[in-house]
file upload12.txt (compact mmCIF, C-alpha atoms and all ligand atoms)
# COMPACT_ATOMS: atom_id res chain seq x y z
CA MET A 100 -57.50 32.30 -40.72
CA GLY A 101 -59.51 30.90 -37.81
CA GLY A 102 -58.09 27.51 -38.79
CA ASN A 103 -54.64 29.05 -39.11
CA SER A 104 -54.73 30.66 -35.70
CA GLY A 105 -56.05 27.34 -34.31
CA ASP A 106 -53.08 25.54 -35.89
CA ARG A 107 -50.69 28.14 -34.51
CA ALA A 108 -52.24 27.81 -31.04
CA GLY A 109 -51.92 24.03 -31.36
CA ALA A 110 -48.28 24.35 -32.44
CA VAL A 111 -47.51 26.67 -29.52
CA ALA A 112 -49.21 24.27 -27.10
CA LEU A 113 -47.23 21.35 -28.60
CA LYS A 114 -43.98 23.30 -28.31
CA GLY A 115 -44.91 24.12 -24.72
CA ASN A 116 -45.51 20.43 -24.03
CA ILE A 117 -42.15 19.47 -25.54
CA VAL A 118 -40.38 22.11 -23.42
CA THR A 119 -42.21 20.83 -20.31
CA MET A 120 -41.25 17.22 -21.17
CA LYS A 121 -37.62 18.23 -21.66
CA LEU A 122 -37.58 20.03 -18.32
CA LEU A 123 -39.25 17.03 -16.67
CA LYS A 124 -36.66 14.67 -18.19
CA LYS A 125 -33.83 16.93 -17.00
CA ASN A 126 -35.42 17.01 -13.56
CA ILE A 127 -35.67 13.21 -13.44
CA VAL A 128 -32.02 12.81 -14.50
CA PHE A 129 -30.94 15.41 -11.94
CA THR A 130 -32.99 13.76 -9.15
CA ALA A 131 -31.55 10.32 -10.00
CA LEU A 132 -28.02 11.72 -9.95
CA LEU A 133 -28.68 13.48 -6.64
CA ALA A 134 -30.11 10.27 -5.13
CA ALA A 135 -27.04 8.32 -6.28
CA VAL A 136 -24.69 10.89 -4.74
CA VAL A 137 -26.66 11.00 -1.49
CA LEU A 138 -26.84 7.19 -1.23
CA ALA A 139 -23.11 6.83 -1.93
CA GLY A 140 -22.31 9.48 0.64
CA CYS A 141 -24.56 8.13 3.41
CA GLY A 142 -23.95 4.38 3.07
CA ASN A 143 -21.73 2.30 5.28
CA ASP A 144 -18.30 1.42 4.14
CA VAL A 145 -18.81 -2.29 3.44
CA ALA A 146 -16.36 -4.85 2.04
CA GLY A 147 -16.77 -8.54 1.46
CA PRO A 148 -17.30 -11.21 2.33
CA THR A 149 -13.93 -12.08 0.83
CA GLU A 150 -12.07 -15.35 1.15
CA GLY A 151 -8.64 -15.22 2.72
CA GLU A 152 -5.93 -17.72 3.61
CA GLY A 153 -6.90 -21.16 4.90
CA GLY A 154 -10.58 -20.75 4.02
CA TRP A 155 -11.19 -17.80 6.38
CA LEU A 156 -13.97 -15.48 5.25
CA GLU A 157 -13.91 -11.78 6.03
CA TYR A 158 -16.58 -9.09 6.14
CA THR A 159 -15.88 -5.45 7.00
CA VAL A 160 -18.40 -2.74 7.78
CA ASP A 161 -16.97 0.68 8.62
CA ASP A 162 -14.00 -0.12 10.91
CA PHE A 163 -15.41 -3.38 12.25
CA THR A 164 -13.98 -6.62 10.85
CA PHE A 165 -15.65 -10.00 11.25
CA GLU A 166 -13.66 -13.06 10.18
CA TRP A 167 -14.84 -16.65 10.42
CA LEU A 168 -13.83 -20.18 9.60
CA ILE A 169 -16.11 -23.22 9.75
CA GLU A 170 -14.11 -26.05 11.28
CA ASP A 171 -16.04 -29.03 9.88
CA SER A 172 -13.97 -31.67 11.64
CA LEU A 173 -14.73 -30.03 15.00
CA SER A 174 -18.30 -28.92 14.16
CA THR A 175 -17.26 -25.47 15.37
CA ILE A 176 -16.98 -21.95 14.03
CA ARG A 177 -13.83 -19.98 14.79
CA VAL A 178 -14.29 -16.21 14.85
CA LYS A 179 -12.08 -13.13 14.94
CA ILE A 180 -13.57 -9.69 15.54
CA THR A 181 -11.62 -6.44 15.37
CA ALA A 182 -12.90 -2.97 16.20
CA PRO A 183 -11.48 0.51 16.82
CA THR A 184 -11.91 0.60 20.59
CA THR A 185 -10.14 -0.32 23.80
CA GLY A 186 -13.52 -1.22 25.29
CA TRP A 187 -15.81 -4.19 24.59
CA VAL A 188 -16.37 -5.80 21.18
CA ALA A 189 -19.30 -8.07 20.29
CA VAL A 190 -20.85 -10.16 17.56
CA GLY A 191 -24.34 -11.63 17.60
CA PHE A 192 -25.77 -14.47 15.54
CA ASP A 193 -29.33 -14.80 14.29
CA PRO A 194 -31.41 -12.25 16.26
CA THR A 195 -35.16 -11.83 15.73
CA LEU A 196 -35.10 -8.02 16.09
CA VAL A 197 -32.09 -5.80 16.93
CA MET A 198 -30.48 -7.93 19.68
CA ASN A 199 -33.45 -10.03 20.74
CA GLU A 200 -32.71 -13.78 20.90
CA ALA A 201 -29.27 -13.38 19.35
CA ASN A 202 -26.49 -15.66 20.41
CA LEU A 203 -24.09 -12.93 21.50
CA ILE A 204 -20.39 -13.24 22.14
CA ILE A 205 -18.96 -10.21 23.88
CA GLY A 206 -15.53 -9.51 25.30
CA TYR A 207 -12.75 -7.11 26.14
CA VAL A 208 -9.06 -7.06 26.98
CA SER A 209 -8.08 -5.54 30.28
CA GLY A 210 -4.68 -5.48 31.98
CA GLY A 211 -3.41 -8.09 29.52
CA SER A 212 -6.19 -10.59 30.24
CA VAL A 213 -8.84 -11.59 27.73
CA ASN A 214 -12.43 -11.78 28.94
CA ILE A 215 -15.06 -13.31 26.65
CA ARG A 216 -18.61 -14.22 27.60
CA ASP A 217 -21.39 -16.21 25.96
CA ASP A 218 -24.54 -14.04 26.13
CA PHE A 219 -28.09 -14.10 24.84
CA GLY A 220 -30.30 -11.24 23.66
CA THR A 221 -33.01 -11.03 26.32
CA GLY A 222 -34.76 -8.13 24.54
CA GLN A 223 -34.16 -5.74 21.65
CA PHE A 224 -31.83 -3.67 23.81
CA SER A 225 -30.76 -6.06 26.56
CA HIS A 226 -28.57 -9.09 26.95
CA ASP A 227 -27.29 -11.30 29.74
CA ALA A 228 -24.85 -14.15 30.28
CA ASP A 229 -26.22 -17.57 29.30
CA THR A 230 -25.11 -18.81 32.73
CA ASN A 231 -27.25 -16.15 34.46
CA LEU A 232 -30.24 -17.36 32.44
CA GLY A 233 -29.76 -21.01 33.33
CA GLY A 234 -27.76 -21.94 30.23
CA THR A 235 -24.10 -22.75 29.65
CA ASP A 236 -21.04 -20.75 28.58
CA ASP A 237 -19.96 -22.42 25.33
CA VAL A 238 -17.30 -20.04 24.10
CA GLU A 239 -13.67 -21.14 23.96
CA THR A 240 -11.32 -18.15 24.13
CA ILE A 241 -8.42 -18.47 21.69
CA SER A 242 -6.74 -15.07 22.01
CA GLY A 243 -7.27 -11.37 22.42
CA SER A 244 -5.22 -8.24 22.03
CA GLU A 245 -5.62 -4.56 22.61
CA SER A 246 -3.58 -1.68 21.29
CA GLY A 247 -4.04 1.59 23.10
CA THR A 248 -1.94 3.31 20.44
CA ASN A 249 -4.16 2.22 17.55
CA LEU A 250 -7.26 2.14 19.75
CA GLU A 251 -8.02 -1.36 18.52
CA THR A 252 -9.19 -4.62 20.07
CA THR A 253 -9.17 -8.09 18.51
CA LEU A 254 -10.83 -11.15 20.02
CA GLU A 255 -10.54 -14.69 18.70
CA PHE A 256 -12.76 -17.50 19.92
CA ARG A 257 -14.51 -20.71 18.93
CA ILE A 258 -18.07 -21.90 19.50
CA PRO A 259 -19.79 -25.17 18.56
CA LEU A 260 -22.18 -24.88 15.60
CA ASP A 261 -24.78 -26.60 17.77
CA THR A 262 -24.29 -26.28 21.52
CA GLY A 263 -27.59 -27.76 22.61
CA ASP A 264 -28.03 -24.72 24.90
CA GLN A 265 -31.39 -22.97 24.50
CA TYR A 266 -29.54 -19.64 24.82
CA ASP A 267 -27.46 -20.26 21.69
CA LYS A 268 -28.46 -20.59 18.05
CA THR A 269 -27.71 -23.59 15.86
CA LEU A 270 -25.62 -22.52 12.90
CA VAL A 271 -25.44 -24.50 9.65
CA ASP A 272 -22.58 -24.14 7.19
CA GLY A 273 -23.90 -22.49 3.98
CA ASN A 274 -27.04 -21.01 5.56
CA THR A 275 -27.68 -17.27 5.63
CA TYR A 276 -28.17 -15.48 8.95
CA THR A 277 -28.44 -11.96 10.30
CA PHE A 278 -25.30 -10.97 12.14
CA ILE A 279 -25.03 -8.01 14.49
CA PHE A 280 -21.83 -6.21 15.36
CA ALA A 281 -21.14 -3.62 18.04
CA TYR A 282 -18.38 -2.11 20.13
CA GLY A 283 -18.23 0.01 23.26
CA ASN A 284 -16.46 3.23 24.06
CA ASN A 285 -12.73 3.25 24.74
CA ASP A 286 -11.99 1.80 28.21
CA ALA A 287 -15.50 0.36 28.51
CA ASP A 288 -14.09 -2.91 29.85
CA ASP A 289 -17.42 -4.41 30.79
CA TYR A 290 -20.30 -6.53 29.48
CA THR A 291 -23.05 -4.05 30.18
CA SER A 292 -22.53 -0.56 28.75
CA VAL A 293 -24.25 0.60 25.57
CA HIS A 294 -22.35 0.67 22.30
CA ALA A 295 -20.46 3.50 20.64
CA TRP A 296 -21.30 1.85 17.29
CA ALA A 297 -23.60 -0.97 16.10
CA GLU A 298 -24.49 -2.51 12.73
CA SER A 299 -26.02 -5.61 11.19
CA ALA A 300 -25.59 -7.67 8.03
CA SER A 301 -27.09 -10.67 6.32
CA LEU A 302 -24.32 -13.14 5.52
CA GLU A 303 -23.99 -16.68 4.25
CA LEU A 304 -21.86 -18.78 6.60
C1 LIG A 401 -26.66 -3.20 27.47
C2 LIG A 401 -26.12 -2.96 26.31
C3 LIG A 401 -26.88 -2.37 25.16
C4 LIG A 401 -27.86 -1.42 25.15
C5 LIG A 401 -28.43 -0.65 26.33
C6 LIG A 401 -28.25 -1.23 23.76
C7 LIG A 401 -29.20 -0.33 23.32
C8 LIG A 401 -29.51 -0.09 22.03
C9 LIG A 401 -30.40 0.96 21.56
C10 LIG A 401 -31.11 1.95 22.46
C11 LIG A 401 -30.45 0.87 20.22
C12 LIG A 401 -31.27 1.75 19.26
C13 LIG A 401 -30.59 3.07 19.03
C14 LIG A 401 -29.21 2.95 18.41
O1 LIG A 401 -29.08 2.46 17.28
O2 LIG A 401 -28.26 3.34 19.10
C15 LIG A 401 -29.60 -0.23 19.82
C16 LIG A 401 -29.39 -0.61 18.52
C17 LIG A 401 -28.63 -1.71 18.16
N1 LIG A 401 -27.88 -2.50 18.98
FE1 LIG A 401 -27.69 -2.28 20.99
N2 LIG A 401 -27.51 -2.07 22.98
C18 LIG A 401 -26.68 -2.78 23.79
C19 LIG A 401 -25.79 -3.74 23.41
C20 LIG A 401 -25.67 -4.26 22.15
C21 LIG A 401 -24.83 -5.36 21.79
C22 LIG A 401 -23.91 -6.15 22.73
C23 LIG A 401 -25.01 -5.58 20.48
C24 LIG A 401 -24.35 -6.70 19.73
C25 LIG A 401 -23.77 -6.83 18.71
C26 LIG A 401 -25.98 -4.60 19.99
C27 LIG A 401 -26.43 -4.46 18.70
C28 LIG A 401 -27.27 -3.47 18.25
C29 LIG A 401 -27.65 -3.30 16.85
C30 LIG A 401 -27.21 -4.17 15.68
C31 LIG A 401 -28.49 -2.18 16.81
C32 LIG A 401 -29.17 -1.60 15.56
C33 LIG A 401 -28.27 -0.54 14.98
C34 LIG A 401 -28.80 0.03 13.69
O3 LIG A 401 -29.73 -0.52 13.12
O4 LIG A 401 -28.27 1.07 13.28
N3 LIG A 401 -26.36 -3.83 21.04
N4 LIG A 401 -29.05 -0.79 20.93

call {"tool": "encode", "arguments": {"input": "upload12.txt", "output": "structure tokens"}}
result
Amino acid sequence: MGGNSGDRAGAVALKGNIVTMKLLKKNIVFTALLAAVVLAGCGNDVAGPTEGEGGWLEYTVDDFTFEWLIEDSLSTIRVKITAPTTGWVAVGFDPTLVMNEANLIIGYVSGGSVNIRDDFGTGQFSHDADTNLGGTDDVETISGSESGTNLETTLEFRIPLDTGDQYDKTLVDGNTYTFIFAYGNNDADDYTSVHAWAESASLEL
């Protein structure tokens, strides 16, 4: 009687708990699925690093491609950067925060001539030529091309792994550094305008 109704109440409460647990479990599964879909949808399109011909390594984020080759015999790093713009393209090595203290290499192709400059991150959102800061320009331009049809610019250059300039960063083969990548708007053939796109990555050289 009283005991019976107590048992029944207990059974109903238990059933209620099981239903609640089931709903909770469903909710957790649904939330996890939703998070996975959202993360997949919002993330950058990243590929690599992958090894290509002749020991070149390649890393792609969105439409920006960064390729590099450590040239041990020369103690240099050879770099190719490609981005979907007819304006400036840049890569930065080893910043402290955003662009600050990064060794930045920035360049553009204009009227068939390739312009590449060795810069330094003077603040999170500012940079200047090493030569303006009292340092040296240590970048050797190898080549550059621009296609107005594909809206694409490629720059190829070489820098010493250790320049001795206080406005560069020493790079060691096999070490991991933060790299920053950015490009300007189409026709932004300059070293000063803000980017149309910027990203960063942690990569092992
Ligand atoms: C004078 C030129 C530049 C100005 C005024 C500037 C300004 C800024 C500002 C305001 C931000 C924060 C807001 C945003 O993400 O848009 C930013 C972010 C950033 N900038 Fe620049 N920038 C300049 C050049 C560069 C260059 C040459 C690079 C080199 C690769 C660079 C790399 C970055 C990166 C990696 C971020 C963080 C992006 C992110 O976390 O999503 N910037 N910059």

call {"tool": "atom_distance", "arguments": {"input": "upload12.txt", "atom1": "atom C34 of ligand LIG 401 (chain A)", "atom2": "CA of Ser299 in chain A"}}
result
6.8 Å

call {"tool": "residues_near_point", "arguments": {"input": "upload12.txt", "point": "(-20.9, -14.0, 28.8)", "cutoff": "8 Å", "atoms": "all atoms listed in the file", "output": "list in words"}}
result
Ile204, Ile205, Gly206, Ile215, Arg216, Asp217, Asp218, Asp227, Ala228, Asp229, Thr230, Asp236 and Tyr290 of chain A

call {"tool": "residues_around", "arguments": {"input": "upload12.txt", "residues": "range 265-268 of chain A", "least_positions_apart": "3", "cutoff": "10 Å", "atoms": "all atoms listed in the file", "output": "PyMOL selection string"}}
result
chain A and resi 191-194+200-204+217-221+227-230+232-237+258-262+271

call {"tool": "residues_near_ligand", "arguments": {"input": "upload12.txt", "ligand": "ligand LIG 401 (chain A)", "cutoff": "7 Å", "atoms": "all atoms listed in the file", "output": "JSON, numbers by chain"}}
result
{"A": [189, 190, 191, 197, 198, 203, 205, 224, 225, 226, 279, 280, 281, 291, 292, 293, 294, 297, 298, 299]}

call {"tool": "closest_residue", "arguments": {"input": "upload12.txt", "among": "A:Gly222, A:Pro148, A:Gly210, A:Gly283", "to": "Gly243 in chain A", "atoms": "all atoms listed in the file"}}
result
A:Gly210

call {"tool": "residues_around", "arguments": {"input": "upload12.txt", "residues": "Asp288 in chain A", "least_positions_apart": "4", "cutoff": "8 Å", "atoms": "only C-alpha atoms", "output": "list in words"}}
result
Thr185, Gly186, Trp187, Tyr207, Val208 and Ser209 of chain A

call {"tool": "atom_distance", "arguments": {"input": "upload12.txt", "atom1": "CA of Asp144 in chain A", "atom2": "CA of Ile241 in chain A"}}
result
28.3 Å

call {"tool": "build_atoms", "arguments": {"input": "upload12.txt", "residues": "range 258-269 of chain A", "atoms": "N, CA and C atoms", "output": "PDB file, in the frame of the given file"}}
result
ATOM      1  N   ILE A 258     -16.842 -21.368  18.893  1.00  0.00           N
ATOM      2  CA  ILE A 258     -18.070 -21.900  19.500  1.00  0.00           C
ATOM      3  C   ILE A 258     -18.573 -23.087  18.677  1.00  0.00           C
ATOM      4  N   PRO A 259     -19.209 -24.058  19.320  1.00  0.00           N
ATOM      5  CA  PRO A 259     -19.790 -25.170  18.560  1.00  0.00           C
ATOM      6  C   PRO A 259     -20.916 -24.663  17.658  1.00  0.00           C
ATOM      7  N   LEU A 260     -21.099 -25.288  16.493  1.00  0.00           N
ATOM      8  CA  LEU A 260     -22.180 -24.880  15.600  1.00  0.00           C
ATOM      9  C   LEU A 260     -23.540 -25.206  16.231  1.00  0.00           C
ATOM     10  N   ASP A 261     -23.550 -26.239  17.060  1.00  0.00           N
ATOM     11  CA  ASP A 261     -24.780 -26.600  17.770  1.00  0.00           C
ATOM     12  C   ASP A 261     -24.394 -26.960  19.207  1.00  0.00           C
ATOM     13  N   THR A 262     -24.719 -26.055  20.127  1.00  0.00           N
ATOM     14  CA  THR A 262     -24.290 -26.280  21.520  1.00  0.00           C
ATOM     15  C   THR A 262     -25.307 -27.093  22.309  1.00  0.00           C
ATOM     16  N   GLY A 263     -26.543 -27.084  21.844  1.00  0.00           N
ATOM     17  CA  GLY A 263     -27.590 -27.760  22.610  1.00  0.00           C
ATOM     18  C   GLY A 263     -28.167 -26.865  23.695  1.00  0.00           C
ATOM     19  N   ASP A 264     -27.545 -25.683  23.897  1.00  0.00           N
ATOM     20  CA  ASP A 264     -28.030 -24.720  24.900  1.00  0.00           C
ATOM     21  C   ASP A 264     -29.176 -23.912  24.288  1.00  0.00           C
ATOM     22  N   GLN A 265     -30.257 -23.759  25.035  1.00  0.00           N
ATOM     23  CA  GLN A 265     -31.390 -22.970  24.500  1.00  0.00           C
ATOM     24  C   GLN A 265     -31.048 -21.499  24.338  1.00  0.00           C
ATOM     25  N   TYR A 266     -29.947 -21.054  24.944  1.00  0.00           N
ATOM     26  CA  TYR A 266     -29.540 -19.640  24.820  1.00  0.00           C
ATOM     27  C   TYR A 266     -28.453 -19.439  23.768  1.00  0.00           C
ATOM     28  N   ASP A 267     -28.327 -20.412  22.866  1.00  0.00           N
ATOM     29  CA  ASP A 267     -27.460 -20.260  21.690  1.00  0.00           C
ATOM     30  C   ASP A 267     -28.313 -20.534  20.459  1.00  0.00           C
ATOM     31  N   LYS A 268     -27.742 -20.292  19.289  1.00  0.00           N
ATOM     32  CA  LYS A 268     -28.460 -20.590  18.050  1.00  0.00           C
ATOM     33  C   LYS A 268     -27.674 -21.649  17.285  1.00  0.00           C
ATOM     34  N   THR A 269     -28.386 -22.593  16.690  1.00  0.00           N
ATOM     35  CA  THR A 269     -27.710 -23.590  15.860  1.00  0.00           C
ATOM     36  C   THR A 269     -27.333 -22.943  14.538  1.00  0.00           C
TER      37      THR A 269
END
